[in-house]
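Undergrad: Before I ask anything, here is the structure I am working with.
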Amino acid sequence: MSLEFSKDDPQRIVHYPKNATRFEFDREVAVIFPNMARRSIPMYEEAHRLHISLVLDKFIDGHEDVQVVDVGASRGAFLKEICNQLQWPIDRKHPRIRMLAIDSSADMLELLRAEMPWVSTLHAEAQGLRSLDGSADVISMMYVLQFIQDPADKLAVLQWAYDSLKPGGYLLLGQKDLVSKEYEELFAQEYYRFRYSNGYTHDEIVAKTQALKNSMWPSTPAWLEDMCIQAGFSDYAVTSRWLQFSTSICTKRG
């Protein structure tokens with residue numbers, strides 16, 4: 001079994017990746033993803049809350065429709081937080097906000113649609129997406145680039161986001177950073193303690209770390225900022241940081 005409940009705590013989910021050498025966002029991961037994300041990604045919920053608070057005026061001012069695109073949407077935590085801050089039920093279509101959830105996992109999107117049936121979904125990889133021709137007001141791209149191996153492909157995805165945004169639109173990013181050898185082990189030890197304090201066992205942590213090792217290709221914070229500027233964005237700023245985890249915002253100027 002790769003997914004079970006703890007005998008000591010029936011509420012705690014125990015999960016081991018089916019593939020020991022490569023992490024896959026399969027059905028089992030999709031079912032437990034909200035729990036997994038809260039326990040393994042520092043500031044996961046707070047970063048969504050903060051980003052939406054920063055761009056909230058996009059959703060409440062004016063009379064035109066607003067388009068929000070979530071790349072790597074998983075179960076829709078970012079989109080749900082928009083509804084939460086607007087005090088809008090997640091299962092009811094908002095009169096002014098159009099949402100598009102993009103994810104490479106069909107299982108994630110199926111579960112998202114069950115809770116938010118009015119949200120448009122697209123099952124696709126981030127690489128190779130067609131431009132939305134400047135129709136998006138906000139694009140969220142949390143923890144997506146780190147799963148793309150080729151730096152040229154990462155830049156192409158950032159360029160896609162730039163081309164897809166309206167002038168004045170925002171791109172929201174999150175990534176696990178590549179850190180120097182000086183701090184790599186120190187940060188890894190602290191991240192181990194973070195997950196362990198959130199209920200993960202040593203064996204779970206080791207198994208997930210090994211599977212993700214062959215699935216993630218992180219970049220340095222400086223590289224990400226440079227690539228955003230190269231893609232055309234301006235006013236790049238870091239919005240949160242927890243050791244090797246960071247989030248940021250940048251703007252397409254008109």
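Going by the structure tokens order, chains are called A, B, ..., each with residues numbered from 1, while ligands are numbered from 1 in the order shown.
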Among region 82-166 of chain A, which ones does DSSP place in helix (DSSP H, G or I), written as JSON, numbers by chain?
TA: {"A": [82, 83, 84, 85, 106, 107, 108, 109, 110, 111, 112, 113, 114, 115, 145, 146, 147, 151, 152, 153, 154, 155, 156, 157, 158, 159, 160, 161, 162, 163, 164]}
Undergrad: If we count only C-alpha atoms, what is near region 205-211 of chain A at a cut-off of 12 Å, once residues fewer than 4 positions away on the same chain are taken out, given as an mmCIF file with all heavy atoms, in the first residue's frame?
TA:
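Heads up, here's the output in result_13.cif:
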data_model
loop_
_atom_site.group_PDB
_atom_site.id
_atom_site.type_symbol
_atom_site.label_atom_id
_atom_site.label_comp_id
_atom_site.auth_asym_id
_atom_site.auth_seq_id
_atom_site.Cartn_x
_atom_site.Cartn_y
_atom_site.Cartn_z
ATOM 1 N N SER A 2 0.580 2.220 -0.862
ATOM 2 C CA SER A 2 1.310 3.476 -0.851
ATOM 3 C C SER A 2 0.521 4.571 -0.149
ATOM 4 O O SER A 2 1.040 5.654 0.097
ATOM 5 C CB SER A 2 1.627 3.914 -2.289
ATOM 6 O OG SER A 2 0.430 4.070 -3.025
ATOM 7 N N VAL A 14 -0.804 8.510 5.688
ATOM 8 C CA VAL A 14 0.554 8.055 5.414
ATOM 9 C C VAL A 14 0.643 7.738 3.924
ATOM 10 O O VAL A 14 -0.158 6.955 3.406
ATOM 11 C CB VAL A 14 0.909 6.809 6.251
ATOM 12 C CG1 VAL A 14 2.327 6.339 5.930
ATOM 13 C CG2 VAL A 14 0.767 7.100 7.740
ATOM 14 N N HIS A 15 1.619 8.333 3.255
ATOM 15 C CA HIS A 15 1.723 8.157 1.805
ATOM 16 C C HIS A 15 3.165 7.936 1.396
ATOM 17 O O HIS A 15 4.059 8.684 1.798
ATOM 18 C CB HIS A 15 1.180 9.383 1.066
ATOM 19 C CG HIS A 15 1.431 9.340 -0.409
ATOM 20 N ND1 HIS A 15 2.434 10.074 -1.015
ATOM 21 C CD2 HIS A 15 0.836 8.632 -1.408
ATOM 22 C CE1 HIS A 15 2.425 9.838 -2.312
ATOM 23 N NE2 HIS A 15 1.481 8.976 -2.577
ATOM 24 N N TYR A 16 3.388 6.919 0.582
ATOM 25 C CA TYR A 16 4.687 6.664 -0.024
ATOM 26 C C TYR A 16 4.514 6.702 -1.543
ATOM 27 O O TYR A 16 3.583 6.083 -2.069
ATOM 28 C CB TYR A 16 5.241 5.301 0.394
ATOM 29 C CG TYR A 16 5.557 5.201 1.869
ATOM 30 C CD1 TYR A 16 4.624 4.682 2.762
ATOM 31 C CD2 TYR A 16 6.786 5.635 2.364
ATOM 32 C CE1 TYR A 16 4.907 4.593 4.114
ATOM 33 C CE2 TYR A 16 7.080 5.539 3.718
ATOM 34 C CZ TYR A 16 6.139 5.031 4.587
ATOM 35 O OH TYR A 16 6.418 4.963 5.918
ATOM 36 N N PRO A 17 5.381 7.424 -2.262
ATOM 37 C CA PRO A 17 5.259 7.456 -3.732
ATOM 38 C C PRO A 17 5.310 6.058 -4.328
ATOM 39 O O PRO A 17 6.116 5.225 -3.917
ATOM 40 C CB PRO A 17 6.477 8.288 -4.155
ATOM 41 C CG PRO A 17 6.821 9.101 -2.944
ATOM 42 C CD PRO A 17 6.487 8.249 -1.763
ATOM 43 N N LYS A 18 4.420 5.801 -5.284
ATOM 44 C CA LYS A 18 4.425 4.497 -5.956
ATOM 45 C C LYS A 18 5.724 4.268 -6.704
ATOM 46 O O LYS A 18 6.262 3.167 -6.741
ATOM 47 C CB LYS A 18 3.242 4.400 -6.923
ATOM 48 C CG LYS A 18 1.894 4.231 -6.251
ATOM 49 C CD LYS A 18 0.800 4.118 -7.310
ATOM 50 C CE LYS A 18 -0.566 3.923 -6.685
ATOM 51 N NZ LYS A 18 -1.633 3.837 -7.695
ATOM 52 N N ASN A 19 6.222 5.328 -7.327
ATOM 53 C CA ASN A 19 7.475 5.255 -8.074
ATOM 54 C C ASN A 19 8.581 5.818 -7.189
ATOM 55 O O ASN A 19 8.595 7.010 -6.881
ATOM 56 C CB ASN A 19 7.364 6.062 -9.373
ATOM 57 C CG ASN A 19 8.566 5.867 -10.277
ATOM 58 O OD1 ASN A 19 9.651 5.539 -9.832
ATOM 59 N ND2 ASN A 19 8.363 6.098 -11.572
ATOM 60 N N ALA A 20 9.497 4.971 -6.775
ATOM 61 C CA ALA A 20 10.532 5.387 -5.819
ATOM 62 C C ALA A 20 11.555 6.334 -6.423
ATOM 63 O O ALA A 20 12.286 7.012 -5.683
ATOM 64 C CB ALA A 20 11.244 4.155 -5.255
ATOM 65 N N THR A 21 11.617 6.390 -7.750
ATOM 66 C CA THR A 21 12.644 7.202 -8.391
ATOM 67 C C THR A 21 12.096 8.446 -9.084
ATOM 68 O O THR A 21 12.870 9.268 -9.575
ATOM 69 C CB THR A 21 13.416 6.369 -9.431
ATOM 70 O OG1 THR A 21 12.505 5.898 -10.439
ATOM 71 C CG2 THR A 21 14.102 5.183 -8.776
ATOM 72 N N ARG A 22 10.778 8.604 -9.117
ATOM 73 C CA ARG A 22 10.195 9.782 -9.762
ATOM 74 C C ARG A 22 8.821 10.055 -9.168
ATOM 75 O O ARG A 22 7.966 9.168 -9.133
ATOM 76 C CB ARG A 22 10.084 9.588 -11.281
ATOM 77 C CG ARG A 22 9.610 10.835 -12.013
ATOM 78 C CD ARG A 22 9.656 10.635 -13.516
ATOM 79 N NE ARG A 22 9.190 11.808 -14.225
ATOM 80 C CZ ARG A 22 9.918 12.876 -14.496
ATOM 81 N NH1 ARG A 22 11.174 12.927 -14.111
ATOM 82 N NH2 ARG A 22 9.415 13.898 -15.157
ATOM 83 N N PHE A 23 8.607 11.293 -8.709
ATOM 84 C CA PHE A 23 7.332 11.640 -8.086
ATOM 85 C C PHE A 23 6.278 11.860 -9.160
ATOM 86 O O PHE A 23 6.518 12.549 -10.152
ATOM 87 C CB PHE A 23 7.475 12.911 -7.238
ATOM 88 C CG PHE A 23 6.346 13.118 -6.279
ATOM 89 C CD1 PHE A 23 6.399 12.584 -5.011
ATOM 90 C CD2 PHE A 23 5.221 13.841 -6.656
ATOM 91 C CE1 PHE A 23 5.349 12.767 -4.117
ATOM 92 C CE2 PHE A 23 4.170 14.023 -5.773
ATOM 93 C CZ PHE A 23 4.236 13.491 -4.498
ATOM 94 N N GLU A 24 5.096 11.265 -8.954
ATOM 95 C CA GLU A 24 4.008 11.384 -9.915
ATOM 96 C C GLU A 24 2.755 11.918 -9.225
ATOM 97 O O GLU A 24 2.414 11.485 -8.129
ATOM 98 C CB GLU A 24 3.708 10.014 -10.545
ATOM 99 C CG GLU A 24 4.880 9.423 -11.304
ATOM 100 C CD GLU A 24 4.606 8.006 -11.792
ATOM 101 O OE1 GLU A 24 3.520 7.486 -11.485
ATOM 102 O OE2 GLU A 24 5.470 7.447 -12.485
ATOM 103 N N PHE A 25 2.086 12.852 -9.888
ATOM 104 C CA PHE A 25 0.852 13.414 -9.347
ATOM 105 C C PHE A 25 -0.323 12.548 -9.804
ATOM 106 O O PHE A 25 -1.150 12.949 -10.626
ATOM 107 C CB PHE A 25 0.700 14.871 -9.785
ATOM 108 C CG PHE A 25 1.718 15.779 -9.142
ATOM 109 C CD1 PHE A 25 2.921 16.055 -9.776
ATOM 110 C CD2 PHE A 25 1.485 16.326 -7.889
ATOM 111 C CE1 PHE A 25 3.874 16.873 -9.180
ATOM 112 C CE2 PHE A 25 2.424 17.153 -7.289
ATOM 113 C CZ PHE A 25 3.622 17.420 -7.931
ATOM 114 N N VAL A 29 -2.129 10.865 -4.960
ATOM 115 C CA VAL A 29 -1.608 12.176 -4.583
ATOM 116 C C VAL A 29 -2.702 13.236 -4.704
ATOM 117 O O VAL A 29 -2.834 14.111 -3.844
ATOM 118 C CB VAL A 29 -0.391 12.547 -5.453
ATOM 119 C CG1 VAL A 29 0.018 13.997 -5.226
ATOM 120 C CG2 VAL A 29 0.780 11.624 -5.137
ATOM 121 N N MET A 36 -1.309 17.199 1.961
ATOM 122 C CA MET A 36 0.123 17.092 1.675
ATOM 123 C C MET A 36 0.763 18.467 1.524
ATOM 124 O O MET A 36 1.847 18.735 2.056
ATOM 125 C CB MET A 36 0.333 16.276 0.401
ATOM 126 C CG MET A 36 1.786 16.158 -0.032
ATOM 127 S SD MET A 36 1.963 15.355 -1.655
ATOM 128 C CE MET A 36 1.368 13.717 -1.262
ATOM 129 N N ARG A 39 1.262 20.408 4.791
ATOM 130 C CA ARG A 39 2.261 19.832 5.686
ATOM 131 C C ARG A 39 3.674 19.831 5.115
ATOM 132 O O ARG A 39 4.631 19.616 5.865
ATOM 133 C CB ARG A 39 1.865 18.399 6.052
ATOM 134 C CG ARG A 39 0.595 18.308 6.881
ATOM 135 C CD ARG A 39 0.472 16.950 7.549
ATOM 136 N NE ARG A 39 0.288 15.891 6.570
ATOM 137 C CZ ARG A 39 0.764 14.659 6.725
ATOM 138 N NH1 ARG A 39 1.487 14.349 7.784
ATOM 139 N NH2 ARG A 39 0.534 13.732 5.806
ATOM 140 N N SER A 40 3.817 20.059 3.805
ATOM 141 C CA SER A 40 5.141 19.931 3.210
ATOM 142 C C SER A 40 5.647 21.170 2.478
ATOM 143 O O SER A 40 6.828 21.230 2.129
ATOM 144 C CB SER A 40 5.178 18.737 2.248
ATOM 145 O OG SER A 40 4.250 18.922 1.194
ATOM 146 N N ALA A 188 18.317 21.860 4.225
ATOM 147 C CA ALA A 188 17.676 20.550 4.112
ATOM 148 C C ALA A 188 17.332 19.987 5.483
ATOM 149 O O ALA A 188 16.264 19.394 5.678
ATOM 150 C CB ALA A 188 18.586 19.589 3.349
ATOM 151 N N GLN A 189 18.222 20.186 6.444
ATOM 152 C CA GLN A 189 17.967 19.701 7.804
ATOM 153 C C GLN A 189 16.769 20.419 8.423
ATOM 154 O O GLN A 189 15.923 19.793 9.076
ATOM 155 C CB GLN A 189 19.203 19.903 8.677
ATOM 156 C CG GLN A 189 20.370 18.995 8.331
ATOM 157 C CD GLN A 189 21.619 19.328 9.125
ATOM 158 O OE1 GLN A 189 21.615 20.206 9.997
ATOM 159 N NE2 GLN A 189 22.704 18.631 8.826
ATOM 160 N N TYR A 191 14.329 21.853 6.778
ATOM 161 C CA TYR A 191 13.128 21.430 6.064
ATOM 162 C C TYR A 191 12.681 20.044 6.533
ATOM 163 O O TYR A 191 11.479 19.779 6.636
ATOM 164 C CB TYR A 191 13.395 21.432 4.553
ATOM 165 C CG TYR A 191 12.199 21.058 3.709
ATOM 166 C CD1 TYR A 191 10.932 21.566 3.991
ATOM 167 C CD2 TYR A 191 12.336 20.203 2.612
ATOM 168 C CE1 TYR A 191 9.843 21.223 3.223
ATOM 169 C CE2 TYR A 191 11.249 19.856 1.837
ATOM 170 C CZ TYR A 191 10.005 20.369 2.144
ATOM 171 O OH TYR A 191 8.915 20.018 1.385
ATOM 172 N N TYR A 192 13.629 19.181 6.829
ATOM 173 C CA TYR A 192 13.302 17.869 7.416
ATOM 174 C C TYR A 192 12.526 18.074 8.722
ATOM 175 O O TYR A 192 11.489 17.443 8.948
ATOM 176 C CB TYR A 192 14.587 17.077 7.674
ATOM 177 C CG TYR A 192 14.354 15.744 8.364
ATOM 178 C CD1 TYR A 192 14.298 14.559 7.631
ATOM 179 C CD2 TYR A 192 14.177 15.659 9.756
ATOM 180 C CE1 TYR A 192 14.080 13.337 8.254
ATOM 181 C CE2 TYR A 192 13.960 14.445 10.382
ATOM 182 C CZ TYR A 192 13.910 13.291 9.634
ATOM 183 O OH TYR A 192 13.678 12.092 10.265
ATOM 184 N N ARG A 193 13.033 18.966 9.573
ATOM 185 C CA ARG A 193 12.360 19.218 10.858
ATOM 186 C C ARG A 193 10.965 19.800 10.647
ATOM 187 O O ARG A 193 10.035 19.487 11.405
ATOM 188 C CB ARG A 193 13.212 20.151 11.722
ATOM 189 C CG ARG A 193 14.441 19.483 12.324
ATOM 190 C CD ARG A 193 15.118 20.363 13.338
ATOM 191 N NE ARG A 193 15.948 21.378 12.719
ATOM 192 C CZ ARG A 193 17.247 21.227 12.464
ATOM 193 N NH1 ARG A 193 17.857 20.096 12.778
ATOM 194 N NH2 ARG A 193 17.928 22.205 11.907
ATOM 195 N N PHE A 194 10.801 20.643 9.638
ATOM 196 C CA PHE A 194 9.491 21.214 9.331
ATOM 197 C C PHE A 194 8.480 20.113 9.017
ATOM 198 O O PHE A 194 7.375 20.088 9.559
ATOM 199 C CB PHE A 194 9.615 22.182 8.149
ATOM 200 C CG PHE A 194 8.307 22.679 7.601
ATOM 201 C CD1 PHE A 194 7.661 23.760 8.173
ATOM 202 C CD2 PHE A 194 7.699 22.049 6.512
ATOM 203 C CE1 PHE A 194 6.446 24.219 7.670
ATOM 204 C CE2 PHE A 194 6.497 22.500 6.004
ATOM 205 C CZ PHE A 194 5.865 23.588 6.583
ATOM 206 N N ARG A 195 8.861 19.190 8.143
ATOM 207 C CA ARG A 195 7.948 18.111 7.762
ATOM 208 C C ARG A 195 7.709 17.138 8.917
ATOM 209 O O ARG A 195 6.586 16.682 9.130
ATOM 210 C CB ARG A 195 8.488 17.378 6.533
ATOM 211 C CG ARG A 195 8.390 18.196 5.246
ATOM 212 C CD ARG A 195 9.033 17.497 4.069
ATOM 213 N NE ARG A 195 10.484 17.479 4.200
ATOM 214 C CZ ARG A 195 11.292 16.869 3.347
ATOM 215 N NH1 ARG A 195 10.791 16.213 2.308
ATOM 216 N NH2 ARG A 195 12.598 16.900 3.527
ATOM 217 N N TYR A 196 8.759 16.849 9.648
ATOM 218 C CA TYR A 196 8.619 15.930 10.777
ATOM 219 C C TYR A 196 7.674 16.504 11.830
ATOM 220 O O TYR A 196 6.832 15.788 12.384
ATOM 221 C CB TYR A 196 9.995 15.654 11.390
ATOM 222 C CG TYR A 196 10.020 14.489 12.355
ATOM 223 C CD1 TYR A 196 10.056 13.176 11.895
ATOM 224 C CD2 TYR A 196 9.999 14.705 13.738
ATOM 225 C CE1 TYR A 196 10.071 12.105 12.773
ATOM 226 C CE2 TYR A 196 10.009 13.645 14.621
ATOM 227 C CZ TYR A 196 10.051 12.346 14.133
ATOM 228 O OH TYR A 196 10.068 11.291 15.002
ATOM 229 N N SER A 197 7.765 17.806 12.075
ATOM 230 C CA SER A 197 6.884 18.458 13.051
ATOM 231 C C SER A 197 5.444 18.499 12.569
ATOM 232 O O SER A 197 4.518 18.661 13.363
ATOM 233 C CB SER A 197 7.375 19.883 13.344
ATOM 234 O OG SER A 197 7.205 20.724 12.216
ATOM 235 N N ASN A 198 5.245 18.343 11.240
ATOM 236 C CA ASN A 198 3.894 18.314 10.673
ATOM 237 C C ASN A 198 3.358 16.899 10.497
ATOM 238 O O ASN A 198 2.380 16.684 9.781
ATOM 239 C CB ASN A 198 3.873 19.038 9.327
ATOM 240 C CG ASN A 198 3.831 20.542 9.487
ATOM 241 O OD1 ASN A 198 3.333 21.061 10.481
ATOM 242 N ND2 ASN A 198 4.357 21.261 8.520
ATOM 243 N N GLY A 199 3.996 15.930 11.154
ATOM 244 C CA GLY A 199 3.435 14.586 11.203
ATOM 245 C C GLY A 199 4.015 13.580 10.245
ATOM 246 O O GLY A 199 3.596 12.421 10.249
ATOM 247 N N TYR A 200 4.958 13.991 9.400
ATOM 248 C CA TYR A 200 5.582 13.020 8.507
ATOM 249 C C TYR A 200 6.590 12.172 9.278
ATOM 250 O O TYR A 200 7.312 12.677 10.144
ATOM 251 C CB TYR A 200 6.305 13.718 7.354
ATOM 252 C CG TYR A 200 5.397 14.164 6.239
ATOM 253 C CD1 TYR A 200 5.148 15.516 6.009
ATOM 254 C CD2 TYR A 200 4.785 13.236 5.408
ATOM 255 C CE1 TYR A 200 4.321 15.928 4.986
ATOM 256 C CE2 TYR A 200 3.951 13.640 4.378
ATOM 257 C CZ TYR A 200 3.725 14.982 4.176
ATOM 258 O OH TYR A 200 2.893 15.387 3.162
ATOM 259 N N THR A 201 6.642 10.898 8.959
ATOM 260 C CA THR A 201 7.636 10.026 9.565
ATOM 261 C C THR A 201 8.967 10.150 8.808
ATOM 262 O O THR A 201 9.005 10.665 7.689
ATOM 263 C CB THR A 201 7.190 8.552 9.527
ATOM 264 O OG1 THR A 201 7.133 8.122 8.144
ATOM 265 C CG2 THR A 201 5.822 8.374 10.172
ATOM 266 N N SER A 215 12.730 14.495 -10.091
ATOM 267 C CA SER A 215 11.575 15.126 -10.728
ATOM 268 C C SER A 215 11.651 16.646 -10.704
ATOM 269 O O SER A 215 10.824 17.312 -11.330
ATOM 270 C CB SER A 215 10.281 14.693 -10.022
ATOM 271 O OG SER A 215 10.168 13.294 -9.961
ATOM 272 N N MET A 216 12.621 17.194 -9.968
ATOM 273 C CA MET A 216 12.702 18.636 -9.782
ATOM 274 C C MET A 216 14.060 19.163 -10.209
ATOM 275 O O MET A 216 15.089 18.550 -9.932
ATOM 276 C CB MET A 216 12.444 18.995 -8.307
ATOM 277 C CG MET A 216 11.018 18.823 -7.870
ATOM 278 S SD MET A 216 10.822 19.145 -6.089
ATOM 279 C CE MET A 216 11.526 20.776 -5.961
#
Undergrad: Between A:Gly174, A:Pro167, A:Trp217, A:Tyr183, which is the closest to Ile41 (chain A) once you count only C-alpha atoms?
TA: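 Ranked by minimum distance to Ile41 (chain A), first place goes to A:Gly174.
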Undergrad: From a backbone DSSP assignment, name each residue in region 95-183 of chain A labelled strand (DSSP E), as a VMD selection string.
TA: chain A and resid 97 to 103 120 to 123 136 to 142 165 to 176
Undergrad: Would you mind telling me which residue in A:Val55, A:Ile60, A:Ile148, A:Ile102 lies nearest to Thr251 (chain A) when using only C-alpha atoms?
TA: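 The answer is A:Val55, which sits nearest to Thr251 (chain A).
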Undergrad: List as a short mmCIF file (atom, residue, chain, number, x, y, z; two decimals) with all heavy atoms, in the first residue's frame the protein and nucleic acid residues near Leu145 (chain A), meaning an atom at most 10 Å away when only C-alpha atoms are counted, but skip any in the same chain fewer than 6 places from it.
TA:
data_model
loop_
_atom_site.label_atom_id
_atom_site.label_comp_id
_atom_site.auth_asym_id
_atom_site.auth_seq_id
_atom_site.Cartn_x
_atom_site.Cartn_y
_atom_site.Cartn_z
N GLY A 72 -0.73 24.91 -13.02
CA GLY A 72 -0.37 24.03 -11.91
C GLY A 72 -1.38 24.17 -10.79
O GLY A 72 -1.03 24.22 -9.61
N ALA A 126 2.73 22.78 -18.78
CA ALA A 126 2.97 24.22 -18.89
C ALA A 126 3.72 24.55 -20.17
O ALA A 126 3.48 25.60 -20.79
CB ALA A 126 3.75 24.71 -17.67
N GLN A 127 4.61 23.65 -20.59
CA GLN A 127 5.35 23.87 -21.82
C GLN A 127 4.42 23.68 -23.02
O GLN A 127 3.66 22.73 -23.08
CB GLN A 127 6.52 22.90 -21.95
CG GLN A 127 7.43 22.85 -20.76
CD GLN A 127 7.11 21.72 -19.81
OE1 GLN A 127 6.03 21.69 -19.25
NE2 GLN A 127 8.04 20.79 -19.63
N PRO A 151 16.23 24.93 -18.90
CA PRO A 151 16.06 26.36 -18.63
C PRO A 151 15.40 27.12 -19.78
O PRO A 151 14.65 28.08 -19.53
CB PRO A 151 17.52 26.84 -18.41
CG PRO A 151 18.25 25.62 -17.95
CD PRO A 151 17.62 24.49 -18.70
N ASP A 153 13.05 26.00 -21.68
CA ASP A 153 11.61 25.74 -21.56
C ASP A 153 11.01 26.58 -20.45
O ASP A 153 9.86 27.04 -20.55
CB ASP A 153 11.36 24.26 -21.31
CG ASP A 153 11.62 23.39 -22.52
OD1 ASP A 153 11.62 23.93 -23.64
OD2 ASP A 153 11.83 22.17 -22.36
N LYS A 154 11.75 26.76 -19.36
CA LYS A 154 11.26 27.61 -18.27
C LYS A 154 11.07 29.04 -18.76
O LYS A 154 10.04 29.67 -18.46
CB LYS A 154 12.26 27.59 -17.10
CG LYS A 154 12.42 26.25 -16.43
CD LYS A 154 13.35 26.35 -15.22
CE LYS A 154 13.57 24.98 -14.59
NZ LYS A 154 14.31 25.06 -13.31
N LEU A 155 12.04 29.55 -19.49
CA LEU A 155 11.92 30.89 -20.04
C LEU A 155 10.74 30.99 -21.00
O LEU A 155 10.01 31.98 -21.00
CB LEU A 155 13.21 31.29 -20.75
CG LEU A 155 13.21 32.66 -21.45
CD1 LEU A 155 12.87 33.78 -20.47
CD2 LEU A 155 14.57 32.91 -22.11
N VAL A 157 7.96 29.34 -20.84
CA VAL A 157 6.73 29.38 -20.03
C VAL A 157 6.52 30.79 -19.48
O VAL A 157 5.39 31.31 -19.46
CB VAL A 157 6.78 28.34 -18.91
CG1 VAL A 157 5.60 28.51 -17.96
CG2 VAL A 157 6.76 26.93 -19.50
N LEU A 158 7.59 31.43 -19.03
CA LEU A 158 7.47 32.81 -18.54
C LEU A 158 7.06 33.74 -19.68
O LEU A 158 6.26 34.66 -19.48
CB LEU A 158 8.80 33.27 -17.93
CG LEU A 158 9.19 32.60 -16.61
CD1 LEU A 158 10.62 32.96 -16.22
CD2 LEU A 158 8.23 32.99 -15.49
N LEU A 173 4.38 33.89 -8.69
CA LEU A 173 5.26 32.73 -8.80
C LEU A 173 5.60 32.16 -7.44
O LEU A 173 5.57 32.85 -6.42
CB LEU A 173 6.56 33.13 -9.51
CG LEU A 173 6.44 33.54 -10.97
CD1 LEU A 173 7.69 34.31 -11.41
CD2 LEU A 173 6.22 32.33 -11.86
N GLY A 174 5.94 30.89 -7.44
CA GLY A 174 6.46 30.24 -6.24
C GLY A 174 7.41 29.15 -6.66
O GLY A 174 7.20 28.50 -7.69
N GLN A 175 8.49 28.96 -5.91
CA GLN A 175 9.42 27.92 -6.28
C GLN A 175 10.24 27.47 -5.07
O GLN A 175 10.38 28.20 -4.09
CB GLN A 175 10.36 28.37 -7.38
CG GLN A 175 11.42 29.38 -6.98
CD GLN A 175 12.52 29.53 -8.03
OE1 GLN A 175 12.49 28.94 -9.10
NE2 GLN A 175 13.53 30.32 -7.72
N LYS A 176 10.75 26.24 -5.17
CA LYS A 176 11.77 25.78 -4.25
C LYS A 176 13.10 26.15 -4.90
O LYS A 176 13.42 25.69 -5.98
CB LYS A 176 11.68 24.27 -4.03
CG LYS A 176 12.66 23.76 -2.99
CD LYS A 176 12.51 22.27 -2.76
CE LYS A 176 13.48 21.79 -1.68
NZ LYS A 176 13.37 20.32 -1.47
N MET A 216 12.62 17.19 -9.97
CA MET A 216 12.70 18.64 -9.78
C MET A 216 14.06 19.16 -10.21
O MET A 216 15.09 18.55 -9.93
CB MET A 216 12.44 19.00 -8.31
CG MET A 216 11.02 18.82 -7.87
SD MET A 216 10.82 19.15 -6.09
CE MET A 216 11.53 20.78 -5.96
N TRP A 217 14.02 20.34 -10.86
CA TRP A 217 15.24 21.00 -11.31
C TRP A 217 15.13 22.48 -10.91
O TRP A 217 14.80 23.34 -11.72
CB TRP A 217 15.39 20.85 -12.82
CG TRP A 217 15.49 19.41 -13.23
CD1 TRP A 217 16.60 18.64 -13.29
CD2 TRP A 217 14.38 18.55 -13.60
NE1 TRP A 217 16.30 17.36 -13.68
CE2 TRP A 217 14.94 17.27 -13.88
CE3 TRP A 217 13.00 18.72 -13.72
CZ2 TRP A 217 14.15 16.18 -14.27
CZ3 TRP A 217 12.22 17.65 -14.11
CH2 TRP A 217 12.79 16.40 -14.38
N PRO A 218 15.40 22.78 -9.64
CA PRO A 218 15.21 24.15 -9.14
C PRO A 218 16.21 25.13 -9.74
O PRO A 218 17.27 24.75 -10.24
CB PRO A 218 15.42 24.00 -7.63
CG PRO A 218 16.27 22.78 -7.47
CD PRO A 218 15.87 21.86 -8.59
N SER A 219 15.86 26.40 -9.68
CA SER A 219 16.70 27.49 -10.16
C SER A 219 17.01 28.43 -9.01
O SER A 219 16.31 28.44 -7.99
CB SER A 219 15.97 28.26 -11.27
OG SER A 219 15.52 27.40 -12.29
N LEU A 224 15.69 33.32 -11.62
CA LEU A 224 14.25 33.52 -11.86
C LEU A 224 13.95 34.99 -12.10
O LEU A 224 13.21 35.33 -13.04
CB LEU A 224 13.44 33.01 -10.67
CG LEU A 224 11.92 33.19 -10.79
CD1 LEU A 224 11.39 32.46 -12.01
CD2 LEU A 224 11.21 32.70 -9.53
#
Undergrad: Report the distance between CA of His94 (chain A) and CA of Ala106 (chain A) in Å, rounded to one decimal place.
TA: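 Computed distance, CA of His94 (chain A) to CA of Ala106 (chain A), equals 24.0 Å.
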Undergrad: For a test of reading the model, state the distance in Å between CA of Met108 (chain A) and CA of Ser131 (chain A), rounded to one decimal.
TA: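 Pair CA of Met108 (chain A) / CA of Ser131 (chain A) returns 22.7 Å.
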